[in-house]
2 protein chains.
Amino acid sequence: MNIGAAAERSNLPAKTIRYYEEIALVTPTRAANGYRDYSDKDVHRLRFLQRSRSLGFTIDECRALLSLYDNEQRASADVKAVALEKIGEVERKIAELQAMKKVLKRLAESCHGDARPDCPILDDLAGADPLA
Amino acid sequence: MNIGAAAERSNLPAKTIRYYEEIALVTPTRAANGYRDYSDKDVHRLRFLQRSRSLGFTIDECRALLSLYDNEQRASADVKAVALEKIGEVERKIAELQAMKKVLKRLAESCHGDARPDCPILDDLAGADPLA
DNA sequence: GTGAACCATCCAGCTACGGGAAGGTCAAGC
DNA sequence: GCTTGACCTTCCCGTAGCTGGATGGTTCAC
C-alpha cells in the first residue's frame, strides 16, 4: 500500500513516516514507479511507533522497544524496566510542572489585574534573586 | 562587569547570555577590549529572563513580559492575562502527562516482568488500533 | 487528454540553547 | 619580561522530531 494509506492506518502524517524511514525505523519496499510500498507488518510497526511516541517514549526508546518487540528471546522484565523508567520521568516532569503552576497561581492571585501599571508578577520576575 | 560575573549573578550560563544578546533580549555595551560590559540593569533583565524561563515562559513570551516590564503605561491586567494563559497551558500539559502515566502504570502492572518473552506492554503497543 | 490527487526528493527552519575550535586579553607570579 | 592560566571573543555544528515548501514525476477519473 502507498504511503497515504499507511498514514491513514497508522494515524501518522506521511511526512513523519518518511522521516521514520530516513532514520531506519521502518523500511518499506519500493514499487516499480518508485513509490514506497508498505506491508501490513510495516503498518504494524508504524502503529507501534505512533502508540509509543504518544506515551512519551523518545525515538531512541522506541527503537529499543521495537528491537525488544522483534526479539522473541526477550525477557519481559526488560520491557517492564523501560516502562518503569518512563513512569519515573513522567512523574518528575509532572512534579516540575506542578511547582511552576503553584508559583504562577500565587503570582496571578496577587495581581489585581486592572488598568493600573503596578504589578506583583513583574515585581517578582524582576526582583527574584537567583542566588538567594 | 564581564559576562562571567553577569552569569554568576543571573544564574545563567555565559553561552545563554550571549544567545540572549544575539536575539536582542539584552544588549550590553562593549569595553575597549571588545568584552561585553553588563550594567546592573542588564543583570536585572537577565535575572528576569532566568526567572521567567524557569516558570515555563517561552522566549517570545519573555520578550512580551520584558516589554510590559519596560512600559510604565502597562495595565497589570495584561500581565495577569499572560500568566493565566500560561497556567492553562501548564495545566493542560500536566493532564496530558497524567494520562500517559496512567496508561504506562496500567501496562507496567500487567506485565509480570520476568525472563519470559510474553509481554502485555508490547502487545498493547503493537496491537492498539489508532483509529478505533 | 487534462486536471486533480497522489507520490518523489531535497532543502530549510523551528526551540533554546550546548560543545568545541581557534584565537585575543588580562593579571599574577617568577 | 615572560609564562601560565583564566578569562574573553567569534564561528560553526549539533541536538529532537519533525514540518513546510519548492519542484517535478505518476496515476486515475472523466
# chains A, B, ... in the order shown; residues from 1 in each chain; ligands from 1
call {"tool": "calpha_fit_and_write", "arguments": {"fixed": "chain B", "moving": "chain A", "output": "mmCIF file with N, CA and C atoms, in the first residue's frame"}}
result
data_model
loop_
_atom_site.group_PDB
_atom_site.id
_atom_site.type_symbol
_atom_site.label_atom_id
_atom_site.label_comp_id
_atom_site.auth_asym_id
_atom_site.auth_seq_id
_atom_site.Cartn_x
_atom_site.Cartn_y
_atom_site.Cartn_z
ATOM 1 N N MET A 1 30.518 44.924 34.224
ATOM 2 C CA MET A 1 31.053 43.624 34.620
ATOM 3 C C MET A 1 31.089 42.674 33.428
ATOM 4 N N ASN A 2 32.040 41.757 33.450
ATOM 5 C CA ASN A 2 32.199 40.791 32.360
ATOM 6 C C ASN A 2 31.088 39.740 32.366
ATOM 7 N N ILE A 3 31.054 38.987 31.287
ATOM 8 C CA ILE A 3 29.961 38.025 31.131
ATOM 9 C C ILE A 3 29.992 36.951 32.221
ATOM 10 N N GLY A 4 31.166 36.595 32.674
ATOM 11 C CA GLY A 4 31.275 35.556 33.700
ATOM 12 C C GLY A 4 30.580 35.983 34.979
ATOM 13 N N ALA A 5 30.820 37.206 35.389
ATOM 14 C CA ALA A 5 30.191 37.724 36.598
ATOM 15 C C ALA A 5 28.678 37.858 36.402
ATOM 16 N N ALA A 6 28.280 38.322 35.216
ATOM 17 C CA ALA A 6 26.849 38.447 34.923
ATOM 18 C C ALA A 6 26.186 37.069 34.950
ATOM 19 N N ALA A 7 26.895 36.080 34.462
ATOM 20 C CA ALA A 7 26.379 34.707 34.459
ATOM 21 C C ALA A 7 26.146 34.241 35.888
ATOM 22 N N GLU A 8 27.122 34.512 36.738
ATOM 23 C CA GLU A 8 27.019 34.084 38.121
ATOM 24 C C GLU A 8 25.839 34.768 38.813
ATOM 25 N N ARG A 9 25.700 36.053 38.568
ATOM 26 C CA ARG A 9 24.642 36.803 39.255
ATOM 27 C C ARG A 9 23.244 36.520 38.712
ATOM 28 N N SER A 10 23.177 36.074 37.472
ATOM 29 C CA SER A 10 21.850 35.804 36.898
ATOM 30 C C SER A 10 21.524 34.321 36.928
ATOM 31 N N ASN A 11 22.524 33.541 37.295
ATOM 32 C CA ASN A 11 22.347 32.093 37.293
ATOM 33 C C ASN A 11 22.033 31.548 35.896
ATOM 34 N N LEU A 12 22.668 32.150 34.920
ATOM 35 C CA LEU A 12 22.522 31.702 33.533
ATOM 36 C C LEU A 12 23.906 31.392 32.981
ATOM 37 N N PRO A 13 24.028 30.374 32.122
ATOM 38 C CA PRO A 13 25.319 30.102 31.482
ATOM 39 C C PRO A 13 25.710 31.251 30.564
ATOM 40 N N ALA A 14 27.007 31.503 30.446
ATOM 41 C CA ALA A 14 27.493 32.567 29.568
ATOM 42 C C ALA A 14 26.992 32.346 28.139
ATOM 43 N N LYS A 15 26.981 31.106 27.713
ATOM 44 C CA LYS A 15 26.507 30.786 26.364
ATOM 45 C C LYS A 15 25.081 31.287 26.151
ATOM 46 N N THR A 16 24.274 31.082 27.140
ATOM 47 C CA THR A 16 22.874 31.502 27.050
ATOM 48 C C THR A 16 22.771 33.015 26.994
ATOM 49 N N ILE A 17 23.596 33.671 27.771
ATOM 50 C CA ILE A 17 23.578 35.134 27.790
ATOM 51 C C ILE A 17 23.973 35.697 26.427
ATOM 52 N N ARG A 18 24.969 35.076 25.815
ATOM 53 C CA ARG A 18 25.350 35.526 24.465
ATOM 54 C C ARG A 18 24.207 35.294 23.489
ATOM 55 N N TYR A 19 23.541 34.164 23.664
ATOM 56 C CA TYR A 19 22.386 33.878 22.806
ATOM 57 C C TYR A 19 21.300 34.933 22.999
ATOM 58 N N TYR A 20 21.050 35.321 24.222
ATOM 59 C CA TYR A 20 20.027 36.342 24.478
ATOM 60 C C TYR A 20 20.404 37.675 23.831
ATOM 61 N N GLU A 21 21.693 37.904 23.728
ATOM 62 C CA GLU A 21 22.099 39.130 23.034
ATOM 63 C C GLU A 21 21.848 38.985 21.538
ATOM 64 N N GLU A 22 22.154 37.797 21.024
ATOM 65 C CA GLU A 22 21.960 37.549 19.598
ATOM 66 C C GLU A 22 20.510 37.787 19.196
ATOM 67 N N ILE A 23 19.583 37.400 20.064
ATOM 68 C CA ILE A 23 18.178 37.590 19.740
ATOM 69 C C ILE A 23 17.643 38.877 20.377
ATOM 70 N N ALA A 24 18.569 39.752 20.704
ATOM 71 C CA ALA A 24 18.218 41.128 21.099
ATOM 72 C C ALA A 24 17.347 41.218 22.345
ATOM 73 N N LEU A 25 17.628 40.375 23.332
ATOM 74 C CA LEU A 25 16.883 40.475 24.584
ATOM 75 C C LEU A 25 17.621 41.337 25.602
ATOM 76 N N VAL A 26 18.922 41.212 25.606
ATOM 77 C CA VAL A 26 19.760 42.003 26.517
ATOM 78 C C VAL A 26 21.001 42.421 25.745
ATOM 79 N N THR A 27 21.207 43.721 25.607
ATOM 80 C CA THR A 27 22.297 44.205 24.768
ATOM 81 C C THR A 27 23.259 45.056 25.589
ATOM 82 N N PRO A 28 24.287 44.433 26.131
ATOM 83 C CA PRO A 28 25.272 45.154 26.942
ATOM 84 C C PRO A 28 26.143 46.046 26.058
ATOM 85 N N THR A 29 26.823 46.967 26.673
ATOM 86 C CA THR A 29 27.819 47.759 25.940
ATOM 87 C C THR A 29 29.083 46.901 25.810
ATOM 88 N N ARG A 30 30.072 47.478 25.095
ATOM 89 C CA ARG A 30 31.327 46.755 24.932
ATOM 90 C C ARG A 30 32.467 47.565 25.538
ATOM 91 N N ALA A 31 33.359 46.883 26.196
ATOM 92 C CA ALA A 31 34.544 47.548 26.725
ATOM 93 C C ALA A 31 35.537 47.749 25.581
ATOM 94 N N ALA A 32 36.620 48.478 25.855
ATOM 95 C CA ALA A 32 37.606 48.795 24.816
ATOM 96 C C ALA A 32 38.209 47.522 24.226
ATOM 97 N N ASN A 33 38.334 46.498 25.036
ATOM 98 C CA ASN A 33 38.947 45.258 24.539
ATOM 99 C C ASN A 33 37.967 44.346 23.816
ATOM 100 N N GLY A 34 36.727 44.804 23.655
ATOM 101 C CA GLY A 34 35.747 44.005 22.940
ATOM 102 C C GLY A 34 34.900 43.139 23.854
ATOM 103 N N TYR A 35 35.243 43.063 25.106
ATOM 104 C CA TYR A 35 34.467 42.262 26.055
ATOM 105 C C TYR A 35 33.104 42.904 26.298
ATOM 106 N N ARG A 36 32.096 42.082 26.482
ATOM 107 C CA ARG A 36 30.775 42.600 26.851
ATOM 108 C C ARG A 36 30.834 43.184 28.265
ATOM 109 N N ASP A 37 30.139 44.287 28.451
ATOM 110 C CA ASP A 37 30.152 44.948 29.761
ATOM 111 C C ASP A 37 28.720 45.089 30.262
ATOM 112 N N TYR A 38 28.381 44.320 31.287
ATOM 113 C CA TYR A 38 27.003 44.299 31.783
ATOM 114 C C TYR A 38 26.793 45.261 32.943
ATOM 115 N N SER A 39 25.757 46.090 32.794
ATOM 116 C CA SER A 39 25.373 47.001 33.886
ATOM 117 C C SER A 39 24.477 46.242 34.861
ATOM 118 N N ASP A 40 24.192 46.841 35.987
ATOM 119 C CA ASP A 40 23.273 46.239 36.945
ATOM 120 C C ASP A 40 21.896 46.060 36.310
ATOM 121 N N LYS A 41 21.533 46.997 35.483
ATOM 122 C CA LYS A 41 20.239 46.903 34.818
ATOM 123 C C LYS A 41 20.199 45.696 33.870
ATOM 124 N N ASP A 42 21.297 45.489 33.176
ATOM 125 C CA ASP A 42 21.385 44.323 32.293
ATOM 126 C C ASP A 42 21.219 43.038 33.106
ATOM 127 N N VAL A 43 21.910 42.997 34.232
ATOM 128 C CA VAL A 43 21.830 41.801 35.072
ATOM 129 C C VAL A 43 20.392 41.602 35.566
ATOM 130 N N HIS A 44 19.745 42.703 35.859
ATOM 131 C CA HIS A 44 18.344 42.639 36.260
ATOM 132 C C HIS A 44 17.488 41.975 35.190
ATOM 133 N N ARG A 45 17.719 42.379 33.962
ATOM 134 C CA ARG A 45 16.969 41.786 32.842
ATOM 135 C C ARG A 45 17.315 40.308 32.689
ATOM 136 N N LEU A 46 18.558 39.980 32.869
ATOM 137 C CA LEU A 46 18.967 38.574 32.766
ATOM 138 C C LEU A 46 18.274 37.740 33.833
ATOM 139 N N ARG A 47 18.208 38.271 35.031
ATOM 140 C CA ARG A 47 17.504 37.562 36.102
ATOM 141 C C ARG A 47 16.026 37.405 35.782
ATOM 142 N N PHE A 48 15.479 38.478 35.257
ATOM 143 C CA PHE A 48 14.071 38.451 34.838
ATOM 144 C C PHE A 48 13.862 37.301 33.855
ATOM 145 N N LEU A 49 14.770 37.195 32.908
ATOM 146 C CA LEU A 49 14.661 36.139 31.909
ATOM 147 C C LEU A 49 14.834 34.767 32.547
ATOM 148 N N GLN A 50 15.787 34.641 33.407
ATOM 149 C CA GLN A 50 16.032 33.357 34.066
ATOM 150 C C GLN A 50 14.779 32.912 34.816
ATOM 151 N N ARG A 51 14.219 33.843 35.538
ATOM 152 C CA ARG A 51 13.022 33.533 36.331
ATOM 153 C C ARG A 51 11.826 33.208 35.424
ATOM 154 N N SER A 52 11.599 34.018 34.423
ATOM 155 C CA SER A 52 10.465 33.792 33.523
ATOM 156 C C SER A 52 10.597 32.457 32.806
ATOM 157 N N ARG A 53 11.801 32.178 32.319
ATOM 158 C CA ARG A 53 12.011 30.917 31.616
ATOM 159 C C ARG A 53 11.742 29.744 32.547
ATOM 160 N N SER A 54 12.189 29.876 33.800
ATOM 161 C CA SER A 54 12.019 28.763 34.740
ATOM 162 C C SER A 54 10.549 28.551 35.079
ATOM 163 N N LEU A 55 9.736 29.572 34.836
ATOM 164 C CA LEU A 55 8.299 29.416 35.074
ATOM 165 C C LEU A 55 7.572 28.939 33.822
ATOM 166 N N GLY A 56 8.315 28.664 32.783
ATOM 167 C CA GLY A 56 7.718 28.045 31.613
ATOM 168 C C GLY A 56 7.377 28.990 30.473
ATOM 169 N N PHE A 57 7.723 30.257 30.616
ATOM 170 C CA PHE A 57 7.437 31.178 29.519
ATOM 171 C C PHE A 57 8.417 30.951 28.387
ATOM 172 N N THR A 58 7.907 31.015 27.155
ATOM 173 C CA THR A 58 8.782 30.890 25.987
ATOM 174 C C THR A 58 9.584 32.181 25.845
ATOM 175 N N ILE A 59 10.558 32.126 24.978
ATOM 176 C CA ILE A 59 11.370 33.314 24.721
ATOM 177 C C ILE A 59 10.487 34.465 24.242
ATOM 178 N N ASP A 60 9.559 34.178 23.360
ATOM 179 C CA ASP A 60 8.691 35.241 22.856
ATOM 180 C C ASP A 60 7.820 35.813 23.966
ATOM 181 N N GLU A 61 7.366 34.959 24.833
ATOM 182 C CA GLU A 61 6.575 35.443 25.964
ATOM 183 C C GLU A 61 7.432 36.278 26.906
ATOM 184 N N CYS A 62 8.673 35.858 27.087
ATOM 185 C CA CYS A 62 9.595 36.634 27.917
ATOM 186 C C CYS A 62 9.811 38.008 27.307
ATOM 187 N N ARG A 63 9.892 38.014 25.996
ATOM 188 C CA ARG A 63 10.070 39.285 25.304
ATOM 189 C C ARG A 63 8.878 40.202 25.587
ATOM 190 N N ALA A 64 7.697 39.633 25.504
ATOM 191 C CA ALA A 64 6.483 40.413 25.770
ATOM 192 C C ALA A 64 6.451 40.882 27.225
ATOM 193 N N LEU A 65 6.845 40.008 28.137
ATOM 194 C CA LEU A 65 6.849 40.380 29.551
ATOM 195 C C LEU A 65 7.867 41.483 29.826
ATOM 196 N N LEU A 66 9.031 41.365 29.200
ATOM 197 C CA LEU A 66 10.050 42.406 29.361
ATOM 198 C C LEU A 66 9.549 43.733 28.823
ATOM 199 N N SER A 67 8.817 43.635 27.723
ATOM 200 C CA SER A 67 8.285 44.861 27.132
ATOM 201 C C SER A 67 7.263 45.501 28.063
ATOM 202 N N LEU A 68 6.448 44.674 28.720
ATOM 203 C CA LEU A 68 5.509 45.208 29.716
ATOM 204 C C LEU A 68 6.280 45.790 30.906
ATOM 205 N N TYR A 69 7.327 45.090 31.272
ATOM 206 C CA TYR A 69 8.162 45.533 32.392
ATOM 207 C C TYR A 69 8.748 46.913 32.092
ATOM 208 N N ASP A 70 9.165 47.104 30.856
ATOM 209 C CA ASP A 70 9.766 48.383 30.461
ATOM 210 C C ASP A 70 8.745 49.499 30.328
ATOM 211 N N ASN A 71 7.511 49.103 30.083
ATOM 212 C CA ASN A 71 6.473 50.100 29.796
ATOM 213 C C ASN A 71 5.768 50.558 31.069
ATOM 214 N N GLU A 72 6.036 51.764 31.466
ATOM 215 C CA GLU A 72 5.458 52.259 32.727
ATOM 216 C C GLU A 72 3.964 52.554 32.598
ATOM 217 N N GLN A 73 3.473 52.544 31.383
ATOM 218 C CA GLN A 73 2.050 52.793 31.157
ATOM 219 C C GLN A 73 1.253 51.489 31.075
ATOM 220 N N ARG A 74 1.901 50.389 31.333
ATOM 221 C CA ARG A 74 1.238 49.086 31.201
ATOM 222 C C ARG A 74 0.021 48.995 32.126
ATOM 223 N N ALA A 75 -0.866 48.098 31.763
ATOM 224 C CA ALA A 75 -1.966 47.749 32.666
ATOM 225 C C ALA A 75 -1.599 46.400 33.297
ATOM 226 N N SER A 76 -1.736 46.302 34.590
ATOM 227 C CA SER A 76 -1.376 45.041 35.240
ATOM 228 C C SER A 76 -2.255 43.903 34.717
ATOM 229 N N ALA A 77 -3.434 44.269 34.211
ATOM 230 C CA ALA A 77 -4.328 43.257 33.644
ATOM 231 C C ALA A 77 -3.652 42.525 32.477
ATOM 232 N N ASP A 78 -2.841 43.226 31.717
ATOM 233 C CA ASP A 78 -2.163 42.596 30.586
ATOM 234 C C ASP A 78 -1.155 41.554 31.069
ATOM 235 N N VAL A 79 -0.457 41.892 32.125
ATOM 236 C CA VAL A 79 0.502 40.941 32.684
ATOM 237 C C VAL A 79 -0.234 39.721 33.234
ATOM 238 N N LYS A 80 -1.296 40.012 33.961
ATOM 239 C CA LYS A 80 -2.063 38.922 34.568
ATOM 240 C C LYS A 80 -2.622 37.980 33.503
ATOM 241 N N ALA A 81 -3.046 38.555 32.391
ATOM 242 C CA ALA A 81 -3.596 37.728 31.307
ATOM 243 C C ALA A 81 -2.542 36.751 30.787
ATOM 244 N N VAL A 82 -1.322 37.234 30.649
ATOM 245 C CA VAL A 82 -0.238 36.356 30.188
ATOM 246 C C VAL A 82 -0.035 35.221 31.190
ATOM 247 N N ALA A 83 -0.048 35.566 32.467
ATOM 248 C CA ALA A 83 0.157 34.554 33.507
ATOM 249 C C ALA A 83 -0.973 33.532 33.505
ATOM 250 N N LEU A 84 -2.197 34.004 33.375
ATOM 251 C CA LEU A 84 -3.340 33.087 33.398
ATOM 252 C C LEU A 84 -3.321 32.149 32.200
ATOM 253 N N GLU A 85 -2.958 32.697 31.062
ATOM 254 C CA GLU A 85 -2.849 31.862 29.869
ATOM 255 C C GLU A 85 -1.808 30.767 30.083
ATOM 256 N N LYS A 86 -0.698 31.151 30.689
ATOM 257 C CA LYS A 86 0.367 30.171 30.938
ATOM 258 C C LYS A 86 -0.095 29.102 31.921
ATOM 259 N N ILE A 87 -0.850 29.517 32.939
ATOM 260 C CA ILE A 87 -1.392 28.540 33.888
ATOM 261 C C ILE A 87 -2.245 27.509 33.146
ATOM 262 N N GLY A 88 -3.045 27.989 32.229
ATOM 263 C CA GLY A 88 -3.874 27.079 31.440
ATOM 264 C C GLY A 88 -3.039 26.092 30.651
ATOM 265 N N GLU A 89 -1.999 26.588 30.029
ATOM 266 C CA GLU A 89 -1.113 25.712 29.254
ATOM 267 C C GLU A 89 -0.475 24.655 30.145
ATOM 268 N N VAL A 90 -0.009 25.118 31.302
ATOM 269 C CA VAL A 90 0.653 24.196 32.221
ATOM 270 C C VAL A 90 -0.340 23.124 32.671
ATOM 271 N N GLU A 91 -1.556 23.548 32.945
ATOM 272 C CA GLU A 91 -2.569 22.584 33.379
ATOM 273 C C GLU A 91 -2.874 21.560 32.289
ATOM 274 N N ARG A 92 -2.953 22.023 31.056
ATOM 275 C CA ARG A 92 -3.202 21.092 29.948
ATOM 276 C C ARG A 92 -2.061 20.082 29.830
ATOM 277 N N LYS A 93 -0.851 20.602 29.985
ATOM 278 C CA LYS A 93 0.320 19.722 29.883
ATOM 279 C C LYS A 93 0.320 18.694 31.020
ATOM 280 N N ILE A 94 -0.026 19.146 32.201
ATOM 281 C CA ILE A 94 -0.091 18.221 33.339
ATOM 282 C C ILE A 94 -1.122 17.130 33.067
ATOM 283 N N ALA A 95 -2.263 17.526 32.563
ATOM 284 C CA ALA A 95 -3.318 16.551 32.294
ATOM 285 C C ALA A 95 -2.859 15.521 31.274
ATOM 286 N N GLU A 96 -2.148 16.001 30.269
ATOM 287 C CA GLU A 96 -1.645 15.104 29.222
ATOM 288 C C GLU A 96 -0.669 14.091 29.820
ATOM 289 N N LEU A 97 0.220 14.595 30.669
ATOM 290 C CA LEU A 97 1.211 13.706 31.283
ATOM 291 C C LEU A 97 0.550 12.722 32.229
ATOM 292 N N GLN A 98 -0.488 13.174 32.919
ATOM 293 C CA GLN A 98 -1.169 12.269 33.842
ATOM 294 C C GLN A 98 -1.877 11.151 33.082
ATOM 295 N N ALA A 99 -2.405 11.499 31.914
ATOM 296 C CA ALA A 99 -3.045 10.467 31.089
ATOM 297 C C ALA A 99 -2.011 9.443 30.634
ATOM 298 N N MET A 100 -0.851 9.935 30.224
ATOM 299 C CA MET A 100 0.218 9.037 29.810
ATOM 300 C C MET A 100 0.639 8.145 30.976
ATOM 301 N N LYS A 101 0.801 8.769 32.113
ATOM 302 C CA LYS A 101 1.247 8.019 33.294
ATOM 303 C C LYS A 101 0.258 6.912 33.646
ATOM 304 N N LYS A 102 -1.004 7.239 33.539
ATOM 305 C CA LYS A 102 -2.040 6.268 33.865
ATOM 306 C C LYS A 102 -1.927 5.025 32.982
ATOM 307 N N VAL A 103 -1.790 5.262 31.693
ATOM 308 C CA VAL A 103 -1.657 4.136 30.765
ATOM 309 C C VAL A 103 -0.378 3.355 31.045
ATOM 310 N N LEU A 104 0.703 4.079 31.236
ATOM 311 C CA LEU A 104 1.988 3.409 31.485
ATOM 312 C C LEU A 104 1.914 2.548 32.745
ATOM 313 N N LYS A 105 1.268 3.066 33.768
ATOM 314 C CA LYS A 105 1.170 2.298 35.014
ATOM 315 C C LYS A 105 0.345 1.031 34.818
ATOM 316 N N ARG A 106 -0.742 1.203 34.097
ATOM 317 C CA ARG A 106 -1.580 0.036 33.824
ATOM 318 C C ARG A 106 -0.775 -1.025 33.077
ATOM 319 N N LEU A 107 -0.030 -0.585 32.079
ATOM 320 C CA LEU A 107 0.769 -1.526 31.295
ATOM 321 C C LEU A 107 1.844 -2.179 32.158
ATOM 322 N N ALA A 108 2.537 -1.360 32.931
ATOM 323 C CA ALA A 108 3.630 -1.904 33.751
ATOM 324 C C ALA A 108 3.097 -2.918 34.758
ATOM 325 N N GLU A 109 1.947 -2.604 35.330
ATOM 326 C CA GLU A 109 1.394 -3.509 36.334
ATOM 327 C C GLU A 109 0.937 -4.841 35.727
ATOM 328 N N SER A 110 0.575 -4.756 34.453
ATOM 329 C CA SER A 110 0.090 -5.982 33.811
ATOM 330 C C SER A 110 1.236 -6.890 33.370
ATOM 331 N N CYS A 111 2.459 -6.395 33.463
ATOM 332 C CA CYS A 111 3.605 -7.175 32.980
ATOM 333 C C CYS A 111 4.297 -7.850 34.149
ATOM 334 N N HIS A 112 4.440 -9.170 34.065
ATOM 335 C CA HIS A 112 5.048 -9.883 35.199
ATOM 336 C C HIS A 112 6.510 -9.488 35.384
ATOM 337 N N GLY A 113 7.189 -9.137 34.300
ATOM 338 C CA GLY A 113 8.550 -8.631 34.443
ATOM 339 C C GLY A 113 9.549 -9.669 34.911
ATOM 340 N N ASP A 114 9.603 -10.768 34.197
ATOM 341 C CA ASP A 114 10.610 -11.782 34.538
ATOM 342 C C ASP A 114 11.404 -12.131 33.278
ATOM 343 N N ALA A 115 11.959 -13.328 33.237
ATOM 344 C CA ALA A 115 12.824 -13.697 32.113
ATOM 345 C C ALA A 115 12.047 -14.172 30.886
ATOM 346 N N ARG A 116 10.759 -14.389 31.048
ATOM 347 C CA ARG A 116 9.980 -14.872 29.905
ATOM 348 C C ARG A 116 9.730 -13.747 28.895
ATOM 349 N N PRO A 117 9.564 -14.114 27.639
ATOM 350 C CA PRO A 117 9.428 -13.086 26.602
ATOM 351 C C PRO A 117 8.023 -12.477 26.482
ATOM 352 N N ASP A 118 6.987 -13.200 26.900
ATOM 353 C CA ASP A 118 5.653 -12.650 26.660
ATOM 354 C C ASP A 118 5.419 -11.433 27.537
ATOM 355 N N CYS A 119 4.873 -10.393 26.895
ATOM 356 C CA CYS A 119 4.828 -9.098 27.566
ATOM 357 C C CYS A 119 3.620 -8.294 27.121
ATOM 358 N N PRO A 120 2.697 -8.022 28.026
ATOM 359 C CA PRO A 120 1.493 -7.268 27.680
ATOM 360 C C PRO A 120 1.789 -5.840 27.243
ATOM 361 N N ILE A 121 2.921 -5.314 27.658
ATOM 362 C CA ILE A 121 3.272 -3.949 27.242
ATOM 363 C C ILE A 121 3.490 -3.930 25.738
ATOM 364 N N LEU A 122 4.322 -4.841 25.267
ATOM 365 C CA LEU A 122 4.578 -4.912 23.827
ATOM 366 C C LEU A 122 3.302 -5.274 23.073
ATOM 367 N N ASP A 123 2.503 -6.153 23.653
ATOM 368 C CA ASP A 123 1.241 -6.511 23.001
ATOM 369 C C ASP A 123 0.372 -5.281 22.801
ATOM 370 N N ASP A 124 0.326 -4.448 23.802
ATOM 371 C CA ASP A 124 -0.483 -3.236 23.699
ATOM 372 C C ASP A 124 0.075 -2.296 22.651
ATOM 373 N N LEU A 125 1.369 -2.052 22.713
ATOM 374 C CA LEU A 125 1.987 -1.133 21.754
ATOM 375 C C LEU A 125 1.785 -1.626 20.336
ATOM 376 N N ALA A 126 1.920 -2.919 20.156
ATOM 377 C CA ALA A 126 1.809 -3.473 18.815
ATOM 378 C C ALA A 126 0.360 -3.557 18.357
ATOM 379 N N GLY A 127 -0.522 -3.790 19.309
ATOM 380 C CA GLY A 127 -1.876 -4.132 18.899
ATOM 381 C C GLY A 127 -2.867 -2.994 18.872
ATOM 382 N N ALA A 128 -2.540 -1.915 19.518
ATOM 383 C CA ALA A 128 -3.513 -0.831 19.594
ATOM 384 C C ALA A 128 -3.879 -0.350 18.199
ATOM 385 N N ASP A 129 -5.147 -0.282 17.934
ATOM 386 C CA ASP A 129 -5.604 0.227 16.648
ATOM 387 C C ASP A 129 -5.911 1.717 16.796
ATOM 388 N N PRO A 130 -5.117 2.558 16.149
ATOM 389 C CA PRO A 130 -5.258 4.003 16.347
ATOM 390 C C PRO A 130 -6.579 4.545 15.819
ATOM 391 N N LEU A 131 -7.216 3.792 14.957
ATOM 392 C CA LEU A 131 -8.478 4.293 14.397
ATOM 393 C C LEU A 131 -9.683 3.724 15.150
ATOM 394 N N ALA A 132 -9.437 2.847 16.083
ATOM 395 C CA ALA A 132 -10.552 2.236 16.811
ATOM 396 C C ALA A 132 -11.115 3.213 17.834
#
call {"tool": "closest_atom_pairs", "arguments": {"of": "chain C", "to": "range 3-22 of chain D", "cutoff": "10 Å", "atoms": "only C-alpha atoms (C1' of nucleotides)", "output": "tab-separated table"}}
result
residue	atom	partner	partner_atom	distance
C:DC10	C1'	D:DA22	C1'	9.0
C:DC11	C1'	D:DA22	C1'	8.8
C:DA12	C1'	D:DG20	C1'	8.8
C:DG13	C1'	D:DG20	C1'	8.5
C:DC14	C1'	D:DT19	C1'	8.4
C:DT15	C1'	D:DA16	C1'	9.9
C:DC17	C1'	D:DT15	C1'	9.2
C:DG18	C1'	D:DT15	C1'	8.6
C:DG19	C1'	D:DG14	C1'	8.4
C:DG20	C1'	D:DC13	C1'	9.3
C:DA21	C1'	D:DC11	C1'	9.0
C:DA22	C1'	D:DT10	C1'	9.3
C:DG23	C1'	D:DT9	C1'	8.1
C:DG24	C1'	D:DT9	C1'	6.9
C:DT25	C1'	D:DC8	C1'	7.0
C:DC26	C1'	D:DC7	C1'	7.7
C:DA27	C1'	D:DA6	C1'	9.3
C:DA28	C1'	D:DT4	C1'	9.2
C:DG29	C1'	D:DT4	C1'	9.2
C:DC30	C1'	D:DT3	C1'	8.9
call {"tool": "write_last_selection", "arguments": {"atoms": "C-alpha atoms (C1' of nucleotides)", "output": "PDB file, in the first residue's frame"}}
result
ATOM      1  C1'  DC C  10      15.786  17.952  -1.364  1.00  0.00           C
ATOM      2  C1'  DC C  11      16.480  21.969   1.379  1.00  0.00           C
ATOM      3  C1'  DA C  12      15.363  24.975   5.103  1.00  0.00           C
ATOM      4  C1'  DG C  13      13.588  26.040   9.563  1.00  0.00           C
ATOM      5  C1'  DC C  14      11.644  25.549  14.196  1.00  0.00           C
ATOM      6  C1'  DT C  15      13.206  25.874  20.139  1.00  0.00           C
ATOM      7  C1'  DC C  17      20.480  26.582  23.621  1.00  0.00           C
ATOM      8  C1'  DG C  18      25.395  23.498  24.319  1.00  0.00           C
ATOM      9  C1'  DG C  19      30.052  21.893  22.636  1.00  0.00           C
ATOM     10  C1'  DG C  20      34.182  22.828  20.884  1.00  0.00           C
ATOM     11  C1'  DA C  21      37.753  25.028  17.942  1.00  0.00           C
ATOM     12  C1'  DA C  22      40.802  28.923  17.096  1.00  0.00           C
ATOM     13  C1'  DG C  23      42.456  32.829  18.854  1.00  0.00           C
ATOM     14  C1'  DG C  24      42.757  37.571  21.664  1.00  0.00           C
ATOM     15  C1'  DT C  25      43.312  39.668  26.718  1.00  0.00           C
ATOM     16  C1'  DC C  26      44.475  40.216  31.374  1.00  0.00           C
ATOM     17  C1'  DA C  27      46.510  39.576  35.987  1.00  0.00           C
ATOM     18  C1'  DA C  28      49.633  37.010  38.974  1.00  0.00           C
ATOM     19  C1'  DG C  29      53.920  35.052  39.918  1.00  0.00           C
ATOM     20  C1'  DC C  30      58.851  34.339  38.956  1.00  0.00           C
TER      21       DC C  30
END
call {"tool": "atom_distance", "arguments": {"atom1": "C1' of DT27 in chain D", "atom2": "C1' of DT2 in chain C"}}
result
12.5 Å
call {"tool": "select_by_dssp", "arguments": {"residues": "range 25-86 of chain A", "states": "strand (DSSP E or B)", "output": "list in words"}}
result
Thr29, Arg30, Arg36 and Asp37 of chain A
call {"tool": "interface_residues", "arguments": {"of": "chain C", "to": "chain A", "cutoff": "12 Å", "atoms": "only C-alpha atoms (C1' of nucleotides)", "output": "list in words"}}
result
DA5, DC6, DC7, DA8 and DT9 of chain C
call {"tool": "write_last_selection", "arguments": {"atoms": "C-alpha atoms (C1' of nucleotides)", "output": "CSV table (one decimal), in the first residue's frame"}}
result
chain,number,residue,atom,x,y,z
C,5,DA,C1',-4.7,13.9,-6.3
C,6,DC,C1',-1.1,11.4,-5.2
C,7,DC,C1',3.9,10.4,-4.9
C,8,DA,C1',9.1,11.5,-5.0
C,9,DT,C1',13.5,14.2,-3.4
